[in-house]
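Here's coords-v7.cif, which has mmCIF, C-alpha atoms:
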```
data_coords
loop_
_atom_site.group_PDB
_atom_site.id
_atom_site.type_symbol
_atom_site.label_atom_id
_atom_site.label_comp_id
_atom_site.auth_asym_id
_atom_site.auth_seq_id
_atom_site.Cartn_x
_atom_site.Cartn_y
_atom_site.Cartn_z
ATOM 1 C CA MET L 1 161.336 139.907 37.314
ATOM 2 C CA MET L 2 162.709 136.649 38.606
ATOM 3 C CA HIS L 3 163.856 135.469 41.995
ATOM 4 C CA CYS L 4 167.511 134.891 42.715
ATOM 5 C CA PRO L 5 168.304 131.154 42.617
ATOM 6 C CA PHE L 6 170.543 131.565 45.669
ATOM 7 C CA CYS L 7 168.759 133.799 48.193
ATOM 8 C CA LYS L 8 165.252 133.930 46.597
ATOM 9 C CA THR L 9 165.207 137.766 46.673
ATOM 10 C CA SER L 10 163.816 139.543 43.614
ATOM 11 C CA ALA L 11 166.292 140.032 40.803
ATOM 12 C CA HIS L 12 165.952 142.730 38.167
ATOM 13 C CA SER L 13 166.687 142.346 34.494
ATOM 14 C CA ARG L 14 169.707 144.357 33.388
ATOM 15 C CA THR L 15 169.930 143.533 29.692
ATOM 16 C CA SER L 16 168.923 140.927 27.155
ATOM 17 C CA ARG L 17 169.850 139.756 23.695
ATOM 18 C CA TYR L 18 168.073 137.698 21.078
ATOM 19 C CA LEU L 19 169.595 134.416 20.035
ATOM 20 C CA SER L 20 166.919 133.911 17.365
ATOM 21 C CA ASP L 21 163.466 135.291 16.499
ATOM 22 C CA SER L 22 161.890 133.381 19.380
ATOM 23 C CA VAL L 23 164.724 132.835 21.903
ATOM 24 C CA LYS L 24 166.265 135.448 24.197
ATOM 25 C CA HIS L 25 168.944 135.441 26.898
ATOM 26 C CA ARG L 26 168.084 137.807 29.763
ATOM 27 C CA TYR L 27 170.669 138.852 32.359
ATOM 28 C CA TYR L 28 169.593 139.500 35.959
ATOM 29 C CA GLN L 29 171.160 140.926 39.095
ATOM 30 C CA CYS L 30 169.971 140.049 42.598
ATOM 31 C CA GLN L 31 168.661 143.057 44.538
ATOM 32 C CA ASN L 32 169.984 141.722 47.870
ATOM 33 C CA VAL L 33 173.277 143.613 48.405
ATOM 34 C CA LEU L 34 174.623 140.786 50.545
ATOM 35 C CA CYS L 35 174.113 138.351 47.648
ATOM 36 C CA SER L 36 174.329 140.454 44.421
ATOM 37 C CA ALA L 37 174.409 137.332 42.266
ATOM 38 C CA THR L 38 174.281 137.822 38.504
ATOM 39 C CA PHE L 39 172.656 135.110 36.409
ATOM 40 C CA ARG L 40 171.157 134.511 33.001
ATOM 41 C CA SER L 41 167.841 133.038 31.914
ATOM 42 C CA MET L 42 166.652 131.813 28.541
ATOM 43 C CA GLU L 43 163.212 132.844 27.303
ATOM 44 C CA SER L 44 161.502 131.225 24.371
ATOM 45 C CA VAL L 45 158.117 131.150 22.704
ATOM 46 C CA GLU L 46 156.597 127.853 23.775
ATOM 47 C CA SER L 47 153.263 128.061 22.002
ATOM 48 C CA ILE L 48 150.906 130.540 20.385
ATOM 49 C CA ILE L 49 147.692 131.019 22.377
ATOM 50 C CA CYS L 50 145.865 133.319 19.965
ATOM 51 C CA HIS L 51 146.953 134.482 16.522
ATOM 52 C CA PRO L 52 146.549 138.187 15.702
ATOM 53 C CA VAL L 53 143.483 139.292 13.766
ATOM 54 C CA THR L 54 144.242 139.827 10.091
ATOM 55 C CA GLY L 55 142.646 142.530 7.980
ATOM 56 C CA ASP L 56 140.264 140.157 6.195
ATOM 57 C CA GLU L 57 138.700 138.776 9.408
ATOM 58 C CA PRO L 58 135.713 140.652 10.877
ATOM 59 C CA ALA L 59 136.499 142.479 14.121
ATOM 60 C CA ASP L 60 134.433 141.801 17.211
ATOM 61 C CA GLU L 61 131.402 144.145 17.026
ATOM 62 C CA PHE L 62 131.639 145.295 20.658
ATOM 63 C CA ILE L 63 135.344 146.089 20.439
ATOM 64 C CA GLN L 64 134.921 147.876 17.110
ATOM 65 C CA GLY L 65 132.058 149.942 18.546
ATOM 66 C CA GLU L 66 134.150 150.956 21.570
ATOM 67 C CA MET L 67 137.082 151.880 19.341
ATOM 68 C CA ASP L 68 134.807 154.054 17.206
ATOM 69 C CA LYS L 69 133.576 155.898 20.340
ATOM 70 C CA ALA L 70 137.067 156.462 21.756
ATOM 71 C CA PRO L 71 138.645 159.867 21.139
ATOM 72 C CA LYS L 72 141.212 159.830 18.369
ATOM 73 C CA GLN L 73 143.650 161.985 20.352
ATOM 74 C CA ARG L 74 144.257 162.555 24.009
ATOM 75 C CA PRO L 75 143.202 166.068 25.055
ATOM 76 C CA SER L 76 146.143 168.347 25.719
ATOM 77 C CA ALA L 77 146.827 169.666 29.210
ATOM 78 C CA THR L 78 145.998 173.224 28.137
ATOM 79 C CA GLN L 79 142.448 172.416 27.015
#
```

Just give me the structure of the file as structure tokens.
Amino acid sequence: MMHCPFCKTSAHSRTSRYLSDSVKHRYYQCQNVLCSATFRSMESVESIICHPVTGDEPADEFIQGEMDKAPKQRPSATQ
């Protein structure tokens, strides 16, 4: 969600499209019916904060232990 650049009311995203693997145009519409401005923003990946864990790196022991304890499936509503 972004704020409208005109009236500062919240604007909701309506659609988006990728321009490249790391750049996206997102289209917004202002939620204020008296304004109803439509505008576009550009999103891009600025920097990577943390790379994903690869298969050859050891997983954190606490997280792995919690994952092992977690149920593999959600119980059904009839159980």

Query raised in the report: Which residue, L:Cys7, L:Leu19, L:Met1, L:Val53, has the smallest gap to Ser36 of chain L when you use only C-alpha atoms?
Result: L:Cys7

Ground truth for the PyMOL selection byres ((chain L and resi 44-50) around 7), written as a PDB file with C-alpha atoms, in the coordinates of the input:
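Full text of selection.pdb as output:
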```pdb
ATOM      1  CA  SER L  22     161.890 133.381  19.380  1.00  0.00           C
ATOM      2  CA  VAL L  23     164.724 132.835  21.903  1.00  0.00           C
ATOM      3  CA  LYS L  24     166.265 135.448  24.197  1.00  0.00           C
ATOM      4  CA  MET L  42     166.652 131.813  28.541  1.00  0.00           C
ATOM      5  CA  GLU L  43     163.212 132.844  27.303  1.00  0.00           C
ATOM      6  CA  HIS L  51     146.953 134.482  16.522  1.00  0.00           C
ATOM      7  CA  PRO L  52     146.549 138.187  15.702  1.00  0.00           C
TER       8      PRO L  52
END
```

Report task. Check the smallest atom-to-atom distance from each of L:Ser41, L:Gln31, L:Gln64, L:Thr54 to Ser16 of chain L using all atoms listed in the file, then report the winner. Result ->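 Of L:Ser41, L:Gln31, L:Gln64, L:Thr54, the one nearest Ser16 of chain L is L:Ser41, counting all atoms listed in the file.
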
Query raised in the report: Just how far from atom CA of Tyr18 of chain L is atom CA of Asn32 of chain L, in Å to one decimal?
Result: 27.2 Å

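In terms of minimum interatomic distance to Ala11 of chain L, L:Cys30 ranks closest within L:Ala37, L:Cys30, L:Ala70, L:Ile63, counting only C-alpha atoms.
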
Query - Given only C-alpha atoms as the counted atoms, nearest of L:Tyr28, L:Arg14, L:Phe62, L:Pro71 to Met2 of chain L - result: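 The answer is L:Tyr28, which sits nearest to Met2 of chain L.
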
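Nearest-residue note for His3 of chain L: choosing from L:Gln29, L:Met67, L:Ser20, L:Asp60, the minimum distance belongs to L:Gln29, counting only C-alpha atoms.
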
Query - Between atom CA of Cys4 of chain L and atom CA of Arg26 of chain L - distance in Å to one decimal - result: 13.3 Å

Requested in this report: Take atom CA of His25 of chain L and atom CA of Thr38 of chain L and report the distance between them in Å, one decimal.
Outcome: 13.0 Å
